[in-house]
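Engineer: Next up, input36.txt (compact mmCIF, C-alpha atoms).
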# COMPACT_ATOMS: atom_id res chain seq x y z
CA MET A 260 -12.76 11.31 23.02
CA ASN A 261 -16.28 10.12 22.20
CA PRO A 262 -16.24 6.64 20.58
CA SER A 263 -19.86 7.11 19.46
CA ALA A 264 -19.16 10.29 17.49
CA PRO A 265 -17.38 10.77 14.13
CA ASP A 266 -13.58 11.03 14.00
CA TRP A 267 -12.98 9.13 17.23
CA ILE A 268 -10.28 7.04 15.54
CA LEU A 269 -8.27 10.12 14.58
CA LYS A 270 -8.75 11.49 18.11
CA PHE A 271 -7.55 8.19 19.60
CA LEU A 272 -4.45 8.16 17.40
CA ASN A 273 -3.76 11.78 18.27
CA LEU A 274 -3.80 11.02 21.99
CA PHE A 275 -1.02 8.43 21.83
CA GLU A 276 2.35 7.97 20.25
CA LYS A 277 3.05 4.79 18.31
CA GLU A 278 5.43 3.78 21.10
CA GLU A 279 2.52 3.64 23.56
CA LEU A 280 0.12 1.73 21.31
CA VAL A 281 2.48 -0.66 19.57
CA ASP A 282 6.14 -0.56 20.57
CA ALA A 283 5.39 -1.07 24.28
CA PHE A 284 4.63 -4.75 23.58
CA LYS A 285 7.27 -7.29 22.60
CA ASN A 286 5.05 -9.65 20.61
CA ASN A 287 1.53 -10.91 19.94
CA HIS A 288 1.45 -13.07 23.05
CA GLN A 289 2.29 -10.26 25.42
CA PHE A 290 -0.34 -8.06 23.78
CA TYR A 291 -2.89 -10.91 23.98
CA GLU A 292 -2.36 -11.31 27.73
CA VAL A 293 -2.79 -7.57 28.32
CA LEU A 294 -5.87 -7.57 26.08
CA LYS A 295 -7.31 -10.46 28.07
CA GLN A 296 -6.97 -8.43 31.26
CA THR A 297 -9.31 -5.80 29.77
CA GLY A 298 -12.01 -8.49 29.37
CA PHE A 299 -12.06 -8.24 25.56
CA ILE A 300 -11.31 -11.96 25.10
CA TYR A 301 -14.12 -12.81 27.52
CA GLY A 302 -16.64 -10.57 25.74
CA VAL A 303 -16.96 -8.32 28.83
CA THR A 304 -14.69 -5.34 28.18
CA VAL A 305 -14.16 -3.22 31.30
CA SER A 306 -11.17 -1.10 30.25
CA VAL A 307 -8.83 -0.23 27.41
CA ILE A 308 -5.17 -1.09 27.10
CA PRO A 309 -3.61 2.41 27.24
CA LYS A 310 -3.19 3.60 30.82
CA LYS A 311 -3.45 7.29 29.95
CA SER A 312 -6.92 8.82 30.26
CA LEU A 313 -9.02 9.05 27.10
CA GLY A 314 -11.08 11.93 28.44
CA HIS A 315 -13.80 12.75 30.96
CA LEU A 316 -16.57 10.63 29.46
CA LYS A 317 -17.72 7.38 31.04
CA TYR A 318 -17.65 4.74 28.32
CA THR A 319 -20.10 1.90 27.74
CA LYS A 320 -18.86 -1.70 27.38
CA GLU A 321 -19.61 -1.48 23.66
CA GLU A 322 -17.48 1.64 23.27
CA LEU A 323 -14.62 0.08 25.22
CA THR A 324 -14.92 -3.05 23.07
CA LYS A 325 -14.79 -0.96 19.89
CA ILE A 326 -11.66 0.88 21.02
CA ASN A 327 -9.92 -2.38 21.92
CA LEU A 328 -10.88 -3.97 18.61
CA PHE A 329 -9.36 -1.10 16.67
CA HIS A 330 -6.24 -1.01 18.87
CA THR A 331 -5.72 -4.76 18.44
CA LEU A 332 -6.12 -4.60 14.66
CA LEU A 333 -3.72 -1.65 14.63
CA PHE A 334 -1.14 -3.58 16.65
CA GLN A 335 -1.49 -6.57 14.34
CA TYR A 336 -0.87 -4.36 11.31
CA PHE A 337 2.41 -3.04 12.72
CA GLN A 338 3.54 -6.56 13.57
CA ASN A 339 3.87 -7.10 9.83
CA ASN A 340 4.62 -3.52 8.77
CA GLU A 341 7.18 -2.01 11.13
CA ASN A 342 7.73 1.02 8.90
CA GLY A 343 4.06 1.65 8.18
CA ASN A 344 2.03 4.62 9.41
CA TYR A 345 -1.46 5.14 10.80
CA ASP A 346 -2.99 6.07 7.44
CA ASP A 347 -1.66 2.89 5.85
CA ALA A 348 -2.90 0.85 8.81
CA ILE A 349 -6.45 2.23 8.50
CA LYS A 350 -6.50 1.57 4.74
CA SER A 351 -5.18 -1.95 5.28
CA ILE A 352 -7.86 -2.76 7.88
CA LEU A 353 -10.53 -1.37 5.54
CA THR A 354 -9.27 -3.47 2.66
CA PHE A 355 -9.31 -6.54 4.88
CA TYR A 356 -12.93 -6.03 5.94
CA ASN A 357 -14.01 -5.33 2.36
CA HIS A 358 -12.19 -8.46 1.21
CA LEU A 359 -13.80 -10.53 3.93
CA GLU A 360 -17.27 -9.43 2.78
CA LYS A 361 -16.60 -9.15 -0.98
CA GLY A 362 -19.61 -10.03 -3.10
CA LYS A 363 -22.05 -9.86 -0.20
CA THR A 364 -24.77 -7.29 0.34
CA GLY A 365 -24.01 -7.00 4.04
CA PHE A 366 -23.46 -3.96 6.18
CA PHE A 367 -20.09 -3.03 4.66
CA GLN A 368 -21.76 -1.90 1.43
CA MET A 369 -24.05 0.63 3.11
CA PHE A 370 -21.30 3.16 3.70
CA SER A 371 -20.49 5.77 1.09
CA ILE A 372 -17.05 5.69 -0.49
CA ALA A 373 -17.09 9.48 -0.24
CA GLN A 374 -16.36 9.25 3.48
CA SER A 375 -12.83 9.43 4.80
CA PRO A 376 -11.18 6.04 5.42
CA SER A 377 -11.24 6.58 9.19
CA ASN A 378 -14.97 7.43 9.20
CA THR A 379 -15.75 4.39 7.06
CA LEU A 380 -13.79 2.19 9.44
CA GLU A 381 -15.66 3.68 12.41
CA HIS A 382 -18.96 2.64 10.84
CA ILE A 383 -17.65 -0.83 10.08
CA LEU A 384 -16.40 -1.41 13.62
CA THR A 385 -19.75 -0.28 15.04
CA ALA A 386 -21.60 -2.61 12.68
CA ARG A 387 -19.16 -5.41 13.51
CA LEU A 388 -20.12 -5.26 17.18
CA GLN A 389 -23.77 -5.59 16.20
CA SER A 390 -23.35 -8.41 13.67
CA VAL A 391 -21.10 -10.61 15.81
CA ASN A 392 -23.76 -10.36 18.51
CA THR A 393 -26.06 -12.85 16.75
CA ILE A 394 -24.29 -16.11 16.03
CA LEU A 395 -27.28 -18.45 16.20
CA LYS A 396 -30.97 -17.62 16.23
CA LYS A 397 -34.12 -19.64 16.66
CA ASN A 398 -37.60 -18.37 17.29
CA THR A 399 -37.48 -15.67 19.99
CA ILE A 400 -34.17 -16.47 21.64
CA SER A 401 -30.84 -14.93 20.65
CA LEU A 402 -27.32 -16.04 21.43
CA LEU A 403 -25.25 -12.98 22.24
CA THR A 404 -21.52 -12.56 22.71
CA HIS A 405 -18.68 -10.17 21.92
CA ALA A 406 -16.01 -12.74 22.70
CA LEU A 407 -15.83 -13.87 19.07
CA LEU A 408 -14.59 -10.47 17.91
CA TYR A 409 -11.04 -11.69 18.38
CA LEU A 410 -11.63 -13.89 15.33
CA ASP A 411 -11.46 -10.66 13.28
CA VAL A 412 -7.95 -10.07 14.60
CA LEU A 413 -6.82 -13.61 13.85
CA ALA A 414 -8.32 -13.37 10.37
CA PHE A 415 -6.58 -10.02 9.78
CA LYS A 416 -3.30 -11.60 10.85
CA HIS A 417 -3.87 -14.41 8.34
CA TRP A 418 -5.03 -12.02 5.61
CA GLN A 419 -1.79 -10.05 5.71
CA LYS A 420 0.09 -13.20 4.71
CA ASP A 421 -2.46 -14.95 2.50
CA PRO A 422 -5.37 -12.72 1.38
CA SER A 423 -6.86 -15.26 -1.02
CA SER A 424 -7.78 -17.80 1.68
CA VAL A 425 -9.00 -15.49 4.44
CA LYS A 426 -12.70 -16.29 3.97
CA SER A 427 -12.24 -20.04 4.24
CA TYR A 428 -9.83 -19.49 7.15
CA TYR A 429 -12.38 -17.38 9.02
CA ARG A 430 -15.23 -19.84 8.45
CA GLU A 431 -13.15 -22.82 9.53
CA LEU A 432 -11.74 -21.11 12.62
CA GLU A 433 -15.17 -19.84 13.70
CA SER A 434 -16.65 -23.31 13.26
CA THR A 435 -13.74 -24.95 15.10
CA THR A 436 -13.90 -22.49 18.00
CA LEU A 437 -17.64 -22.76 18.49
CA THR A 438 -17.62 -26.55 18.10
CA ALA A 439 -14.89 -26.83 20.73
CA CYS A 440 -17.00 -24.70 23.08
CA PHE A 441 -20.06 -26.84 22.48
CA TYR A 442 -18.19 -30.09 23.04
CA THR A 443 -17.00 -28.56 26.31
CA LEU A 444 -20.61 -27.70 27.13
CA VAL A 445 -21.81 -31.21 26.25
CA SER A 446 -19.16 -32.66 28.56
CA LYS A 447 -20.78 -30.96 31.57
CA LYS A 448 -22.37 -33.58 33.79
CA GLU A 449 -24.92 -31.20 35.32
CA LYS A 450 -26.42 -28.94 32.66
CA THR A 451 -28.60 -25.93 33.37
CA LYS A 452 -31.75 -25.30 31.34
CA TYR A 453 -29.79 -22.74 29.34
CA ASP A 454 -27.03 -25.25 28.65
CA LYS A 455 -29.63 -27.65 27.27
CA LEU A 456 -31.23 -24.91 25.20
CA LEU A 457 -27.87 -23.96 23.77
CA VAL A 458 -27.06 -27.56 22.85
CA GLU A 459 -30.46 -27.76 21.14
CA PHE A 460 -29.65 -24.66 19.08
CA PHE A 461 -26.33 -26.11 18.11
CA GLU A 462 -27.86 -29.43 17.07
CA SER A 463 -30.46 -27.68 14.94
CA SER A 464 -27.84 -25.70 13.01
CA SER A 465 -26.70 -27.23 9.72
CA ASP A 466 -23.33 -25.50 10.07
CA TYR A 467 -22.28 -27.44 13.15
CA ILE A 468 -22.41 -31.16 13.81
CA ILE A 469 -22.05 -32.83 17.20
CA ASP A 470 -21.31 -36.54 17.10
CA TYR A 471 -22.54 -38.12 20.32
CA SER A 472 -21.09 -41.52 19.52
CA GLU A 473 -18.28 -42.93 21.63
CA GLY A 474 -15.64 -41.76 19.19
CA GLY A 475 -17.30 -38.43 18.31
CA THR A 476 -15.22 -36.31 20.67
CA ALA A 477 -12.01 -38.05 19.59
CA THR A 478 -12.83 -37.43 15.93
CA PHE A 479 -13.38 -33.74 16.58
CA LEU A 480 -10.17 -33.43 18.56
CA GLU A 481 -8.26 -35.11 15.72
CA SER A 482 -9.62 -32.46 13.37
CA LEU A 483 -7.77 -29.83 15.43
CA ASN A 484 -4.39 -31.22 14.45
CA TYR A 485 -4.13 -28.65 11.67
CA LEU A 486 -3.63 -26.03 14.39
CA ASN A 487 -0.67 -27.85 15.89
CA SER A 488 2.10 -25.52 14.83
CA ASP A 489 3.74 -22.40 16.23
CA LYS A 490 2.05 -20.15 13.67
CA ASN A 491 -1.33 -21.12 15.14
CA SER A 492 -0.39 -20.53 18.78
CA LEU A 493 -2.76 -17.56 19.17
CA GLU A 494 -5.63 -19.56 17.69
CA LYS A 495 -4.97 -22.41 20.12
CA GLN A 496 -4.75 -20.08 23.13
CA PHE A 497 -8.00 -18.37 22.13
CA ILE A 498 -9.82 -21.71 21.80
CA LEU A 499 -8.53 -22.84 25.21
CA ASP A 500 -9.60 -19.57 26.85
CA LEU A 501 -13.11 -19.79 25.40
CA CYS A 502 -13.48 -23.44 26.43
CA CYS A 503 -12.53 -22.41 29.98
CA LEU A 504 -15.10 -19.63 29.74
CA THR A 505 -17.75 -22.15 28.66
CA VAL A 506 -17.44 -24.13 31.91
CA TRP A 507 -17.03 -21.08 34.13
CA GLU A 508 -20.72 -20.35 34.79
CA ASP A 509 -21.10 -22.71 37.76
CA LEU A 510 -17.58 -21.93 39.04
CA THR A 511 -16.87 -25.65 39.35
CA MET A 512 -15.38 -28.27 37.06
CA ASP A 513 -16.69 -31.83 37.23
CA ILE A 514 -14.73 -34.92 36.17
CA SER A 515 -16.15 -35.12 32.65
CA GLU A 516 -15.41 -31.44 31.95
CA HIS A 517 -11.87 -31.86 33.22
CA GLN A 518 -11.37 -34.98 31.11
CA PHE A 519 -12.43 -33.17 27.94
CA LEU A 520 -10.15 -30.22 28.68
CA GLN A 521 -7.30 -32.67 29.35
CA GLN A 522 -7.89 -34.23 25.92
CA LEU A 523 -7.98 -30.76 24.41
CA LEU A 524 -4.63 -29.93 26.01
CA VAL A 525 -3.01 -33.00 24.47
CA THR A 526 -4.46 -32.20 21.04
CA LEU A 527 -3.31 -28.58 21.13
CA ASN A 528 0.07 -29.59 22.55
CA PHE A 529 -0.50 -27.56 25.71
CA SER A 530 0.59 -28.45 29.23
CA GLU A 531 -1.40 -28.64 32.45
CA ASN A 532 0.23 -25.34 33.40
CA ASP A 533 -1.34 -23.73 30.32
CA LEU A 534 -4.80 -24.82 31.46
CA GLU A 535 -4.15 -23.64 35.01
CA GLY A 536 -2.91 -20.31 33.67
CA SER A 537 -6.01 -19.83 31.52
CA LEU A 538 -8.34 -20.67 34.42
CA LEU A 539 -6.38 -18.44 36.82
CA SER A 540 -6.61 -15.45 34.44
CA LEU A 541 -10.36 -15.95 34.18
CA LYS A 542 -10.72 -16.35 37.95
CA ASN A 543 -8.70 -13.19 38.67
CA PHE A 544 -10.70 -11.17 36.15
CA ALA A 545 -14.02 -12.41 37.53
CA GLU A 546 -13.07 -11.65 41.12
CA LYS A 547 -11.83 -8.18 40.22
CA TYR A 548 -14.60 -6.98 37.92
CA THR A 549 -17.70 -9.15 37.88
CA GLU A 550 -19.13 -12.22 39.50
CA LYS A 551 -20.72 -13.53 36.34
CA ILE A 552 -18.97 -13.98 33.00
CA LEU A 553 -20.66 -16.01 30.30
CA LEU A 554 -19.58 -16.92 26.80
CA PHE A 555 -23.23 -17.37 25.94
CA GLU A 556 -25.97 -15.02 27.07
CA TYR A 557 -29.67 -15.46 26.40
CA SER A 558 -32.19 -12.72 25.91
CA HIS A 559 -35.66 -12.24 24.48
CA PRO A 560 -35.27 -9.83 21.52
CA VAL A 561 -37.85 -7.35 22.86
CA LYS A 562 -36.21 -7.27 26.29
CA GLN A 563 -32.80 -6.97 24.68
CA PHE A 564 -34.01 -4.07 22.50
CA TYR A 565 -35.40 -2.25 25.53
CA LYS A 566 -32.26 -2.88 27.55
CA GLN A 567 -29.95 -1.61 24.80
CA SER A 568 -32.24 1.33 23.97
CA SER A 569 -32.47 2.34 27.62
CA ALA A 570 -28.69 2.29 27.94
CA THR A 571 -28.32 4.33 24.74
CA VAL A 572 -30.83 6.98 25.81
CA LYS A 573 -29.27 7.26 29.26
CA LEU A 574 -25.83 7.69 27.71
CA LEU A 575 -27.08 10.40 25.32
CA ILE A 576 -28.76 12.29 28.15
CA LEU A 577 -25.70 12.16 30.38
CA ARG A 578 -23.52 13.50 27.58
CA ASN A 579 -25.97 16.28 26.70
CA LYS A 580 -27.54 16.94 30.10
CA ASP A 581 -26.55 20.60 30.42
CA ARG A 582 -27.89 21.60 27.01
CA LEU A 583 -31.00 19.43 27.41
CA ALA A 584 -31.74 20.97 30.82
CA ARG A 585 -31.52 24.48 29.34
CA GLU A 586 -33.85 23.56 26.50
CA LEU A 587 -36.36 22.04 28.93
CA GLU A 588 -36.32 25.05 31.23
CA GLU A 589 -37.13 27.29 28.27
CA SER A 590 -40.12 25.10 27.34
CA GLY A 591 -42.51 25.97 30.15
CA GLU A 592 -45.58 24.10 28.89
CA LEU A 593 -43.58 20.90 28.38
CA VAL A 594 -42.25 20.99 31.95
CA VAL A 595 -45.76 21.56 33.29
CA LEU A 596 -47.14 18.61 31.31
CA LEU A 597 -44.31 16.36 32.39
CA GLY A 598 -45.00 17.37 35.98
CA HIS A 599 -48.68 16.50 35.58
CA SER A 600 -47.76 13.13 34.07
CA THR A 601 -46.21 12.07 37.38
CA ILE A 602 -49.55 12.31 39.22
CA ARG A 603 -52.19 11.65 36.52
CA ASP A 604 -52.63 10.26 33.03
CA LEU A 605 -52.29 12.86 30.30
CA THR A 606 -55.04 13.30 27.72
CA ALA A 607 -54.41 12.31 24.12
CA GLU A 608 -53.96 15.97 23.19
CA GLU A 609 -51.47 16.54 26.01
CA LYS A 610 -49.50 13.43 25.03
CA TYR A 611 -49.31 14.71 21.47
CA LYS A 612 -47.99 18.08 22.71
CA VAL A 613 -45.34 16.36 24.83
CA LYS A 614 -44.23 14.23 21.88
CA GLU A 615 -44.03 17.18 19.46
CA GLN A 616 -42.19 19.45 21.89
CA LEU A 617 -39.71 16.72 22.80
CA LEU A 618 -38.99 16.10 19.13
CA ASP A 619 -38.46 19.85 18.62
CA ILE A 620 -35.88 19.81 21.42
CA CYS A 621 -34.19 16.77 19.91
CA LYS A 622 -33.86 18.63 16.61
CA SER A 623 -31.79 21.29 18.34
CA ILE A 624 -29.30 18.78 19.82
CA PRO A 625 -27.38 16.79 17.15
CA SER A 626 -26.70 13.78 19.39
CA LEU A 627 -30.44 13.35 20.05
CA THR A 628 -31.49 13.21 16.39
CA ILE A 629 -31.79 9.44 16.90
CA PHE A 630 -35.33 10.20 18.08
CA LEU A 631 -36.17 11.73 14.67
CA LEU A 632 -35.36 8.54 12.78
CA PRO A 633 -38.16 6.15 11.73
CA GLY A 634 -39.34 4.44 14.88
CA GLY A 635 -37.36 6.87 17.03
CA SER A 636 -40.50 8.21 18.68
CA LEU A 637 -40.89 4.79 20.34
CA LEU A 638 -37.87 5.71 22.45
CA LEU A 639 -39.46 8.93 23.77
CA PRO A 640 -40.87 7.22 26.91
CA LEU A 641 -37.29 6.29 27.77
CA LEU A 642 -36.28 9.92 27.31
CA VAL A 643 -39.12 11.04 29.60
CA LYS A 644 -38.02 8.44 32.14
CA PHE A 645 -34.61 10.07 32.58
CA ILE A 646 -35.67 13.74 32.23
CA PRO A 647 -36.73 14.31 35.89
CA LYS A 648 -33.11 13.88 36.96
CA LEU A 649 -32.22 16.98 34.94
CA LEU A 650 -34.93 19.33 36.19
CA PRO A 651 -35.14 21.42 39.39
CA SER A 652 -36.19 19.66 42.59
CA SER A 653 -39.52 21.54 42.58
CA PHE A 654 -40.51 19.52 39.52
CA GLN A 655 -40.06 16.28 41.44
CA GLU A 656 -41.95 17.16 44.63
CA ASN A 657 -45.13 15.33 43.58
CA ARG A 658 -43.37 12.63 41.61
CA ILE A 659 -44.60 9.14 42.46
CA LYS A 660 -41.65 6.81 42.85
The structure in this file should be written as structure tokens.
Structural biologist:
Amino acid sequence: MNPSAPDWILKFLNLFEKEELVDAFKNNHQFYEVLKQTGFIYGVTVSVIPKKSLGHLKYTKEELTKINLFHTLLFQYFQNNENGNYDDAIKSILTFYNHLEKGKTGFFQMFSIAQSPSNTLEHILTARLQSVNTILKKNTISLLTHALLYLDVLAFKHWQKDPSSVKSYYRELESTTLTACFYTLVSKKEKTKYDKLLVEFFESSSDYIIDYSEGGTATFLESLNYLNSDKNSLEKQFILDLCCLTVWEDLTMDISEHQFLQQLLVTLNFSENDLEGSLLSLKNFAEKYTEKILLFEYSHPVKQFYKQSSATVKLLILRNKDRLARELEESGELVVLLGHSTIRDLTAEEKYKVKEQLLDICKSIPSLTIFLLPGGSLLLPLLVKFIPKLLPSSFQENRIK
């Protein structure tokens, strides 16, 4: 299964029985805990929920995140529609996303209604990963995270019971979640330069208000009382987990941070064991998979573009390496010019030949047509960067490392 190619949703559903994807979990809370173990809740997805192999491909974090998002939405659908089927689930998720963005000229409207429902949903999920990645922006710094994708699931859960209020529900929950995270951040006694930058972003946003007065924190915590019921238990757990993630960067918790989290526990009607459980889950995940997990990540847009583009090109080459190697071997002049480029600068004419011949090769491989799109030629240096790994060793003898 290739999550970056059309019809991956149908392929995913064909690989598993409903019993494996849905019936194996008793309730939302059990599913949430398993989902958290994949890293989805932390915005660092390292695996998918099904234990059975999805194929021979090595998936990117974005692809794993996309699979988990669909699986979680699917599970949530069947929680309210035990006798439903996959087709109905896909249509329901589509209707939800369209309802959430009704009247807006956002990315949901760019997809043709002539596509199949599953293909349309694939496009929407891909776009969703991109749009949730930019919560706040100012000048040249972006705030990036995939952790907030679980808000889609909570909103879908709400939408199935009360479609008319889903937009206001989503806005309020997003604001509440982020504000709770920022109050947690503000409570840190020793702030890094990034913590201070993040607080500055938050203060400059008209959508969020931090009250630094003595009773500001108490006022905010009182505003969370609307969540204090069993029907909001998933919302409360999600907020607690993200607040724990906010203080996780330095791997320590000072007195002021602990005091705020204690106040949060009381407000959400959680126990000390709930906090310890949330922190333990995060600690176990971090020790097993990665040393650094952040709710907020900072990146210059140009560096972020290059990083994402490089990862994309590398993925495309790995998945098409055999065919690309054959095409390169048949293009003798191109291989010669690429060989020369490792020991001297090519002339303008030679660079033009390399560009044109590479684009001709990309035309013959569907997955590489990304290079034919407007601006796609800017990615050709990345393609050249990875090509030597595909060619015979003789090509690399004079390569300067």
Engineer: So what do you get for CA of Val305 (chain A) versus CA of Leu384 (chain A), distance-wise?
Structural biologist: 17.9 Å
Engineer: In Å, rounded to a single decimal, give me how far CA of Asn579 (chain A) is from CA of His599 (chain A).
Structural biologist: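 So the two atoms, CA of His599 (chain A) and CA of Asn579 (chain A), lie 24.4 Å apart.
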Engineer: For Ser623 (chain A), which of A:Leu323, A:Leu587, A:Leu639, A:Leu410 is the closest residue, counting all atoms listed in the file?
Structural biologist: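 For Ser623 (chain A), the nearest of the candidates is A:Leu587.
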Engineer: At what distance in Å, to one decimal, does CA of Lys295 (chain A) lie from CA of Asn532 (chain A)?
Structural biologist: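 Here the two named atoms are 17.5 Å from each other.
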Engineer: Might you pull out every residue within 12 Å of Pro309 (chain A), with all atoms listed in the file counted and same-chain residues fewer than 3 positions away left off, and present them as a PyMOL selection string?
Structural biologist: chain A and resi 271-272+274-281+283-284+290+293-294+297+306+312-313+323+326-327+330-331
Engineer: What's around Asn261 (chain A) at 9 Å? Count all atoms listed in the file, leave out sequence neighbours fewer than 4 positions away in its own chain, and write the answer as a list in words.
Structural biologist: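 After dropping sequence-adjacent residues, the list is Pro265, Asp266, Trp267, Lys270, Leu313, Gly314, Leu316, Tyr318 and Glu322 of chain A.
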Engineer: Tell me which of A:Leu359, A:Val595, A:Thr319, A:Ser446 sits closest to Arg430 (chain A), counting all atoms listed in the file.
Structural biologist: A:Leu359
Engineer: Looking at only C-alpha atoms, which of A:Glu592, A:Tyr291, A:Leu538, A:Gly598 is the one that sits closest to Ser492 (chain A)?
Structural biologist: A:Tyr291
Engineer: Report as a VMD selection string all protein, DNA and RNA residues lying within 12 Å of region 480-484 of chain A, evaluated on only C-alpha atoms, omitting residues in the same chain fewer than 5 positions from it.
Structural biologist: chain A and resid 431 to 432 434 to 436 438 to 440 442 to 443 469 to 470 474 to 475 491 494 to 495 498 519 to 528
Engineer: Rank A:Asp604, A:Asp619, A:Glu341, A:Glu609 by their smallest atom-to-atom distance to Glu586 (chain A), using all atoms listed in the file, and report the top residue only.
Structural biologist: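 Residue with the minimum atom-to-atom distance to Glu586 (chain A): A:Asp619.
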